[in-house]
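Just below is one structure, and these are the notes that go with it.
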Amino acid sequence: MGQFEAGANVREPDATRGTGRLPSIIGQSMAMRRLVATVAQVAPKDVTVLVRGETGTGKELIASLVHARSSRCQGPFVRFNCAAIPGELAEAQLFGHVQGAFTGATHALRGFFAQADGGTLVLDEVGELPLAIQAKLLRALQGGEIQPVGAARVERADVRVVACTNRDLAAEVRAGRFREDLYYRLAVLELIVPPLREHREDIPALAAEFARRYGKRFGDEEVRLSPALVEELCRAQWPGNVRQLENAVARMVALCSAADISVEAFASAPNLVASAEPGIDPESTGTLSEQLEALERRIISRVMEAAAGNQSEAARRLGLNRGSLIVRLKKYGLMTHTVLRATRQSFQDASTGLTSSTASQQAAA
Ligand SMILES: Nc1ncnc2c1ncn2[C@@H]1O[C@H](COP(=O)(O)OP(=O)(O)O)[C@@H](O)[C@H]1O
Ligand SMILES: [Mg+2]
């Protein structure tokens with residue numbers, strides 16, 4: 001009972017009337033196209049859907065697409081996070097309660113199910129729902145019957161449930177933490193959202209979209225991520241998936257004063273450079289010399305950015321003379337406009353074959 005009193009400031013259900021607009025889902029990779037195509041097939045069928053995937057992969061986004069592409073798209077779209085609300089309180093939140101149902105229940109509350117009547121209810125982190133509430137959820141799914149806490153009679157609600165989970169629910173069933181009957185009921189149709197490491201080719205588009213979005217939000221409309229930075233983002237591990245990428249880009253946009261964000265912003269951000277080993281991509285293929293060249297290209301591209309396009313400085317850091325740096329810049333197609341602008345003088349030096357040390361002596365002179 002104390003729990004209910006403590007929850008006096010509990011939020012009203014997070015209901016939004018469908019706008020009919022499709023959520024924007026970024027991704028042209030095979031994995032994402034296949035997923036979106038499956039959603040298109042599944043959404044119009046008015047059955048329960050289970051969305052599985054690691055945290056941050058976009059499960060809620062996919063759930064909202066299921067709603068937007070269903071015949072319920074004009075109805076309410078309600079989300080309930082099963083992990084965020086403790087057991088007893090979750091029951092009252094989901095199914096509602098009558099006035100005086102328990103201490104502190106000074107007025108009746110419409111639950112999330114009733115709010116979602118005629119629309120879609122997303123049950124996020126459904127694996128966290130306590131067993132006692134699982135039984136009640138099963139009844140609601142089977143007969144469309146909901147019983148508010150303290151109510152003598154059941155009510156009806158026409159709700160399509162889309163459940164999301166990052167857990168292996170079959171394993172949860174075996175461990176006795178999840179009802180088997182509810183599992184089968186939820187998993188009539190399953191959508192698997194791939195982890196970001198399985199569709200890395202979408203990273204440039206995702207990062208660009210987040211840069212655009214946060215640039216706009218922070219009042220700095222024209223934010224651009226440098227090619228070397230995007231390359232680095234493509235290589236990072238992203239255990240937190242798209243959400244982690246989004247947060248990383250948001251942070252860089254917030255912290256960078258320049259319109260062009262360089263690779264340095266990423267390298268200096270704490271716990272973001274999550275590559276298993278620096279410079280070694282576990283998925284890279286090709287001969288040893290091909291892989292070494294790819295590595296060399298990345299190192300040079302990073303150092304050039306870190307040195308703000310200054311070839312003398314980059315050559316010094318790399319222990320090369322400027323001429324051989326330029327040979328490599330050409331070989332790897334790293335002669336970008338910024339480089340050209342920043343170091344026009346350097347090309348002249350290079351053509352005369354000056355080493356970095358004599359060049360810097362000249363510059364000092
Ligand atoms: N394919 C995608 N396109 C655009 N944004 C995405 C995509 N996938 C995930 N996101 C964004 O990443 C964040 C995490 O997604 P979310 O659906 O909350 O993940 P999950 O529910 O799996 O933890 C959200 O801000 C979401 O908008
Ligand atoms: Mg989620």
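FYI, nothing fancy with the structure tokens labels: chains A, B, ... in order, residues from 1 per chain, ligands from 1 as they appear.
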
Closest-contact table, chain A side, partner ligand 1, 7 Å, counting only C-alpha atoms and all ligand atoms, as a Markdown table:
```
| residue | atom | partner | partner_atom_place_in_ligand_line | distance |
| --- | --- | --- | --- | --- |
| A:Ser24 | CA | ligand 1 | 4 (C) | 6.2 |
| A:Ile25 | CA | ligand 1 | 3 (N) | 3.8 |
| A:Ile26 | CA | ligand 1 | 3 (N) | 3.7 |
| A:Gly27 | CA | ligand 1 | 1 (N) | 5.5 |
| A:Gly53 | CA | ligand 1 | 22 (O) | 6.3 |
| A:Glu54 | CA | ligand 1 | 22 (O) | 6.2 |
| A:Thr55 | CA | ligand 1 | 23 (O) | 4.1 |
| A:Gly56 | CA | ligand 1 | 23 (O) | 3.4 |
| A:Thr57 | CA | ligand 1 | 22 (O) | 4.1 |
| A:Gly58 | CA | ligand 1 | 17 (O) | 3.1 |
| A:Lys59 | CA | ligand 1 | 22 (O) | 3.7 |
| A:Glu60 | CA | ligand 1 | 17 (O) | 3.6 |
| A:Leu61 | CA | ligand 1 | 17 (O) | 4.2 |
| A:Ile62 | CA | ligand 1 | 17 (O) | 6.7 |
| A:Leu206 | CA | ligand 1 | 4 (C) | 6.3 |
| A:Val242 | CA | ligand 1 | 12 (O) | 4.7 |
| A:Arg243 | CA | ligand 1 | 13 (C) | 4.1 |
| A:Glu246 | CA | ligand 1 | 12 (O) | 6.3 |
```

Given the selection you just returned, output its residues as a file containing N, CA and C atoms, formatted as a PDB file, in the first residue's frame.
```
ATOM      1  N   SER A  24      10.421   8.506 -39.106  1.00  0.00           N
ATOM      2  CA  SER A  24      11.506   8.390 -40.083  1.00  0.00           C
ATOM      3  C   SER A  24      12.548   7.401 -39.587  1.00  0.00           C
ATOM      4  N   ILE A  25      12.676   6.350 -40.357  1.00  0.00           N
ATOM      5  CA  ILE A  25      13.620   5.297 -40.016  1.00  0.00           C
ATOM      6  C   ILE A  25      14.750   5.328 -41.028  1.00  0.00           C
ATOM      7  N   ILE A  26      15.959   5.571 -40.536  1.00  0.00           N
ATOM      8  CA  ILE A  26      17.112   5.685 -41.413  1.00  0.00           C
ATOM      9  C   ILE A  26      17.713   4.294 -41.615  1.00  0.00           C
ATOM     10  N   GLY A  27      18.095   3.998 -42.835  1.00  0.00           N
ATOM     11  CA  GLY A  27      18.792   2.732 -43.070  1.00  0.00           C
ATOM     12  C   GLY A  27      18.474   2.135 -44.417  1.00  0.00           C
ATOM     13  N   GLY A  53      15.361  -7.232 -29.733  1.00  0.00           N
ATOM     14  CA  GLY A  53      16.626  -6.633 -30.157  1.00  0.00           C
ATOM     15  C   GLY A  53      17.359  -6.085 -28.955  1.00  0.00           C
ATOM     16  N   GLU A  54      18.656  -5.855 -29.136  1.00  0.00           N
ATOM     17  CA  GLU A  54      19.456  -5.300 -28.055  1.00  0.00           C
ATOM     18  C   GLU A  54      18.967  -3.892 -27.725  1.00  0.00           C
ATOM     19  N   THR A  55      19.402  -3.413 -26.576  1.00  0.00           N
ATOM     20  CA  THR A  55      18.994  -2.077 -26.176  1.00  0.00           C
ATOM     21  C   THR A  55      19.553  -1.029 -27.150  1.00  0.00           C
ATOM     22  N   GLY A  56      18.729  -0.058 -27.474  1.00  0.00           N
ATOM     23  CA  GLY A  56      19.161   1.042 -28.333  1.00  0.00           C
ATOM     24  C   GLY A  56      19.138   0.748 -29.820  1.00  0.00           C
ATOM     25  N   THR A  57      18.592  -0.386 -30.218  1.00  0.00           N
ATOM     26  CA  THR A  57      18.607  -0.740 -31.647  1.00  0.00           C
ATOM     27  C   THR A  57      17.482  -0.063 -32.425  1.00  0.00           C
ATOM     28  N   GLY A  58      16.471   0.434 -31.729  1.00  0.00           N
ATOM     29  CA  GLY A  58      15.366   1.100 -32.417  1.00  0.00           C
ATOM     30  C   GLY A  58      14.051   0.337 -32.289  1.00  0.00           C
ATOM     31  N   LYS A  59      13.912  -0.448 -31.229  1.00  0.00           N
ATOM     32  CA  LYS A  59      12.690  -1.258 -31.069  1.00  0.00           C
ATOM     33  C   LYS A  59      11.440  -0.385 -30.954  1.00  0.00           C
ATOM     34  N   GLU A  60      11.557   0.689 -30.185  1.00  0.00           N
ATOM     35  CA  GLU A  60      10.381   1.556 -30.025  1.00  0.00           C
ATOM     36  C   GLU A  60      10.019   2.242 -31.333  1.00  0.00           C
ATOM     37  N   LEU A  61      11.051   2.606 -32.062  1.00  0.00           N
ATOM     38  CA  LEU A  61      10.820   3.235 -33.365  1.00  0.00           C
ATOM     39  C   LEU A  61      10.077   2.254 -34.279  1.00  0.00           C
ATOM     40  N   ILE A  62      10.494   0.999 -34.264  1.00  0.00           N
ATOM     41  CA  ILE A  62       9.839  -0.023 -35.078  1.00  0.00           C
ATOM     42  C   ILE A  62       8.397  -0.226 -34.590  1.00  0.00           C
ATOM     43  N   LEU A 206      22.909   7.626 -40.556  1.00  0.00           N
ATOM     44  CA  LEU A 206      22.384   7.861 -39.211  1.00  0.00           C
ATOM     45  C   LEU A 206      23.104   9.049 -38.562  1.00  0.00           C
ATOM     46  N   VAL A 242      22.206   2.192 -31.858  1.00  0.00           N
ATOM     47  CA  VAL A 242      21.894   3.504 -32.452  1.00  0.00           C
ATOM     48  C   VAL A 242      21.751   4.581 -31.380  1.00  0.00           C
ATOM     49  N   ARG A 243      21.224   4.216 -30.227  1.00  0.00           N
ATOM     50  CA  ARG A 243      21.062   5.226 -29.172  1.00  0.00           C
ATOM     51  C   ARG A 243      22.423   5.788 -28.767  1.00  0.00           C
ATOM     52  N   GLU A 246      23.637   8.054 -31.471  1.00  0.00           N
ATOM     53  CA  GLU A 246      22.881   9.309 -31.407  1.00  0.00           C
ATOM     54  C   GLU A 246      23.425  10.208 -30.291  1.00  0.00           C
TER      55      GLU A 246
END
```

DSSP strand (DSSP E or B) residues within range 42-286 of chain A, as a ChimeraX atom specification: /A:49-52,76-81,97,109,120-124,145-146,149,155-156,160-165,189-192,224-225,260-261,277,280

Quick one: write out the picked residues with N, CA and C atoms as a short mmCIF file (atom, residue, chain, number, x, y, z; two decimals), in the first residue's frame?
```
data_model
loop_
_atom_site.label_atom_id
_atom_site.label_comp_id
_atom_site.auth_asym_id
_atom_site.auth_seq_id
_atom_site.Cartn_x
_atom_site.Cartn_y
_atom_site.Cartn_z
N VAL A 49 2.44 -8.26 -31.66
CA VAL A 49 3.78 -8.36 -32.26
C VAL A 49 4.81 -8.27 -31.14
N LEU A 50 5.84 -9.10 -31.25
CA LEU A 50 6.95 -9.02 -30.31
C LEU A 50 8.16 -8.46 -31.05
N VAL A 51 8.70 -7.36 -30.56
CA VAL A 51 9.88 -6.75 -31.17
C VAL A 51 11.09 -7.06 -30.30
N ARG A 52 12.02 -7.81 -30.87
CA ARG A 52 13.20 -8.21 -30.10
C ARG A 52 14.44 -7.53 -30.63
N PRO A 76 -5.18 6.10 -30.67
CA PRO A 76 -4.10 6.45 -29.74
C PRO A 76 -2.90 5.50 -29.84
N PHE A 77 -1.73 6.05 -29.58
CA PHE A 77 -0.49 5.29 -29.53
C PHE A 77 0.06 5.51 -28.13
N VAL A 78 0.04 4.46 -27.32
CA VAL A 78 0.38 4.59 -25.90
C VAL A 78 1.57 3.71 -25.57
N ARG A 79 2.53 4.29 -24.83
CA ARG A 79 3.71 3.52 -24.46
C ARG A 79 3.78 3.32 -22.96
N PHE A 80 4.14 2.11 -22.58
CA PHE A 80 4.28 1.80 -21.16
C PHE A 80 5.60 1.07 -20.97
N ASN A 81 6.45 1.61 -20.10
CA ASN A 81 7.73 0.97 -19.84
C ASN A 81 7.62 0.08 -18.61
N HIS A 97 -7.46 2.02 -11.79
CA HIS A 97 -8.01 1.66 -10.47
C HIS A 97 -9.24 2.51 -10.19
N LEU A 109 -8.47 6.12 -11.73
CA LEU A 109 -7.47 6.34 -12.78
C LEU A 109 -7.75 5.42 -13.95
N THR A 120 -2.98 1.41 -30.29
CA THR A 120 -1.87 0.48 -30.04
C THR A 120 -1.23 0.78 -28.69
N LEU A 121 -0.92 -0.29 -27.95
CA LEU A 121 -0.21 -0.14 -26.68
C LEU A 121 1.15 -0.82 -26.81
N VAL A 122 2.21 -0.03 -26.63
CA VAL A 122 3.55 -0.60 -26.67
C VAL A 122 3.96 -0.95 -25.24
N LEU A 123 4.28 -2.20 -25.02
CA LEU A 123 4.78 -2.61 -23.72
C LEU A 123 6.29 -2.78 -23.84
N ASP A 124 7.00 -1.74 -23.41
CA ASP A 124 8.44 -1.76 -23.54
C ASP A 124 9.03 -2.58 -22.40
N GLU A 145 -10.30 -8.20 -22.05
CA GLU A 145 -10.93 -7.79 -20.78
C GLU A 145 -9.89 -7.24 -19.83
N ILE A 146 -10.23 -6.08 -19.28
CA ILE A 146 -9.34 -5.50 -18.28
C ILE A 146 -10.13 -5.25 -17.00
N VAL A 149 -7.94 -2.11 -10.78
CA VAL A 149 -7.71 -2.52 -9.40
C VAL A 149 -8.89 -2.01 -8.55
N GLU A 155 -13.88 -4.50 -17.69
CA GLU A 155 -14.19 -3.59 -18.79
C GLU A 155 -13.58 -4.17 -20.06
N ARG A 156 -14.00 -3.61 -21.17
CA ARG A 156 -13.42 -4.09 -22.43
C ARG A 156 -12.56 -3.00 -23.06
N ARG A 160 -4.34 -3.19 -29.60
CA ARG A 160 -3.31 -4.04 -30.19
C ARG A 160 -2.03 -3.81 -29.40
N VAL A 161 -1.45 -4.91 -28.93
CA VAL A 161 -0.24 -4.80 -28.13
C VAL A 161 0.99 -5.10 -28.99
N VAL A 162 1.95 -4.20 -28.89
CA VAL A 162 3.27 -4.45 -29.48
C VAL A 162 4.24 -4.49 -28.30
N ALA A 163 4.81 -5.65 -28.04
CA ALA A 163 5.71 -5.80 -26.89
C ALA A 163 7.15 -5.75 -27.36
N CYS A 164 7.99 -5.07 -26.58
CA CYS A 164 9.42 -4.97 -26.93
C CYS A 164 10.24 -5.63 -25.83
N THR A 165 11.32 -6.26 -26.22
CA THR A 165 12.19 -6.84 -25.20
C THR A 165 13.62 -6.97 -25.69
N LEU A 189 3.87 -12.98 -33.84
CA LEU A 189 4.73 -12.45 -34.91
C LEU A 189 5.92 -11.78 -34.24
N GLU A 190 7.10 -12.13 -34.70
CA GLU A 190 8.30 -11.55 -34.11
C GLU A 190 9.04 -10.70 -35.11
N LEU A 191 9.50 -9.56 -34.64
CA LEU A 191 10.36 -8.71 -35.47
C LEU A 191 11.70 -8.63 -34.76
N ILE A 192 12.77 -8.90 -35.47
CA ILE A 192 14.09 -8.83 -34.87
C ILE A 192 14.81 -7.59 -35.39
N ARG A 224 28.42 19.78 -39.98
CA ARG A 224 28.88 18.72 -40.87
C ARG A 224 29.90 17.86 -40.15
N LEU A 225 29.83 16.58 -40.37
CA LEU A 225 30.82 15.69 -39.76
C LEU A 225 31.90 15.43 -40.80
N ASP A 260 32.17 22.40 -38.87
CA ASP A 260 32.68 21.10 -39.31
C ASP A 260 33.29 20.39 -38.11
N ILE A 261 32.75 19.24 -37.81
CA ILE A 261 33.25 18.52 -36.64
C ILE A 261 34.32 17.54 -37.09
N GLU A 277 40.56 -2.98 -30.68
CA GLU A 277 41.97 -2.65 -30.64
C GLU A 277 42.15 -1.50 -31.59
N ILE A 280 42.52 -1.91 -35.58
CA ILE A 280 42.31 -3.26 -36.09
C ILE A 280 40.81 -3.54 -36.17
#
```

Atom-to-atom span, CA of Ala140 in chain A and CA of Leu89 in chain A, Å: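 Interatomic distance here is 17.3 Å.
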
Residue with smallest distance to ligand 2 - pool A:Ala205, A:Leu22, A:Cys82, A:Val249, counting only C-alpha atoms and all ligand atoms: A:Cys82

Between CA of Gly127 in chain A and CA of Ala175 in chain A - distance in Å to one decimal: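 Separation of CA of Ala175 in chain A and CA of Gly127 in chain A: 12.1 Å.
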
Selection: 10 Å around Arg110 in chain A, only C-alpha atoms, excl. self and same-chain fewer than 4 positions, as a ChimeraX atom specification: /A:12-13,92-98,114-115,148

Would you tabulate, counting only C-alpha atoms, all residues of range 193-306 of chain A that have an atom at most 7 Å from an atom of range 312-336 of chain A, showing the closest pair of atoms and their distance in Å to one decimal, sorted by chain then ascending number, as JSON lines?
```
{"residue": "A:Arg297", "atom": "CA", "partner": "A:Tyr332", "partner_atom": "CA", "distance": 6.1}
{"residue": "A:Ser301", "atom": "CA", "partner": "A:Leu334", "partner_atom": "CA", "distance": 6.9}
{"residue": "A:Val303", "atom": "CA", "partner": "A:Ala314", "partner_atom": "CA", "distance": 5.8}
{"residue": "A:Met304", "atom": "CA", "partner": "A:Ala314", "partner_atom": "CA", "distance": 5.5}
```

Please dump the current selection as a PDB file, in the first residue's frame; keep C-alpha atoms.
```pdb
ATOM      1  CA  ARG A 297      45.264   5.514 -44.704  1.00  0.00           C
ATOM      2  CA  SER A 301      43.733  10.804 -42.286  1.00  0.00           C
ATOM      3  CA  VAL A 303      46.670  12.826 -37.991  1.00  0.00           C
ATOM      4  CA  MET A 304      45.987  15.267 -40.836  1.00  0.00           C
TER       5      MET A 304
END
```

Can you pull out every residue within 10 Å of range 230-234 of chain A, counting only C-alpha atoms, but drop anything in the same chain fewer than 3 positions away, and send it as a compact mmCIF listing (two decimals) with C-alpha atoms, in the first residue's frame?
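Wrote part.txt, looks like this:
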```txt
# COMPACT_ATOMS: atom_id res chain seq x y z
CA LEU A 196 24.19 -1.66 -35.22
CA ARG A 197 27.33 -3.75 -35.79
CA HIS A 199 24.37 -2.80 -40.38
CA ARG A 200 27.41 -0.54 -40.09
CA GLU A 201 26.79 0.72 -43.63
CA ASP A 202 23.91 2.76 -42.19
CA ILE A 203 26.20 4.63 -39.78
CA PRO A 204 27.06 7.53 -42.15
CA ALA A 205 23.38 8.24 -42.86
CA ALA A 207 25.22 10.10 -38.01
CA ALA A 208 24.40 12.75 -40.65
CA LEU A 225 30.82 15.69 -39.76
CA SER A 226 34.23 15.34 -41.37
CA PRO A 227 34.84 12.28 -43.57
CA GLN A 237 31.91 -0.89 -31.62
CA TRP A 238 28.63 0.70 -30.41
CA LEU A 245 25.63 6.71 -31.73
CA ALA A 248 27.74 10.55 -29.24
CA VAL A 249 26.79 12.76 -32.18
CA ILE A 261 33.25 18.52 -36.64
CA SER A 262 36.61 16.82 -36.94
CA VAL A 263 37.69 13.38 -35.84
CA PHE A 266 35.33 11.84 -31.24
CA ALA A 267 38.79 10.83 -30.11
CA LEU A 272 33.26 6.57 -27.04
CA VAL A 273 36.25 5.12 -28.85
CA ALA A 274 35.13 1.61 -28.28
CA SER A 275 37.13 -0.18 -30.94
CA GLY A 279 43.22 0.38 -35.87
CA ARG A 298 43.23 5.80 -41.50
CA SER A 301 43.73 10.80 -42.29
CA ARG A 302 43.35 11.12 -38.51
```

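If you measure from each of A:Ala116, A:Val193, A:Ala101, A:Ala40 to ligand 2 using only C-alpha atoms and all ligand atoms, the closest one turns out to be A:Val193.
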
Nearest residue to ligand 2 from the set A:Leu295, A:Ala259, A:Ala63, A:Leu169 (distances using only C-alpha atoms and all ligand atoms): A:Ala63

Helix (DSSP H, G or I) call set, DSSP backbone run, range 207-268 of chain A, as a PyMOL selection string: chain A and resi 207-217+227-235+241-255+263-267

One-decimal distance in Å that lies between CA of Arg251 in chain A and CA of Ser64 in chain A: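 Atom-to-atom, CA of Ser64 in chain A and CA of Arg251 in chain A are spaced 25.7 Å apart.
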
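Minimum atom-to-atom distances from A:Val223, A:Ala83, A:Val159, A:Ala306 to ligand 2 were compared using only C-alpha atoms and all ligand atoms, and the lowest value belongs to A:Ala83.
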
Residue among A:Glu125, A:Glu264, A:Glu209, A:Glu180 lying closest to ligand 2, counting only C-alpha atoms and all ligand atoms: A:Glu125
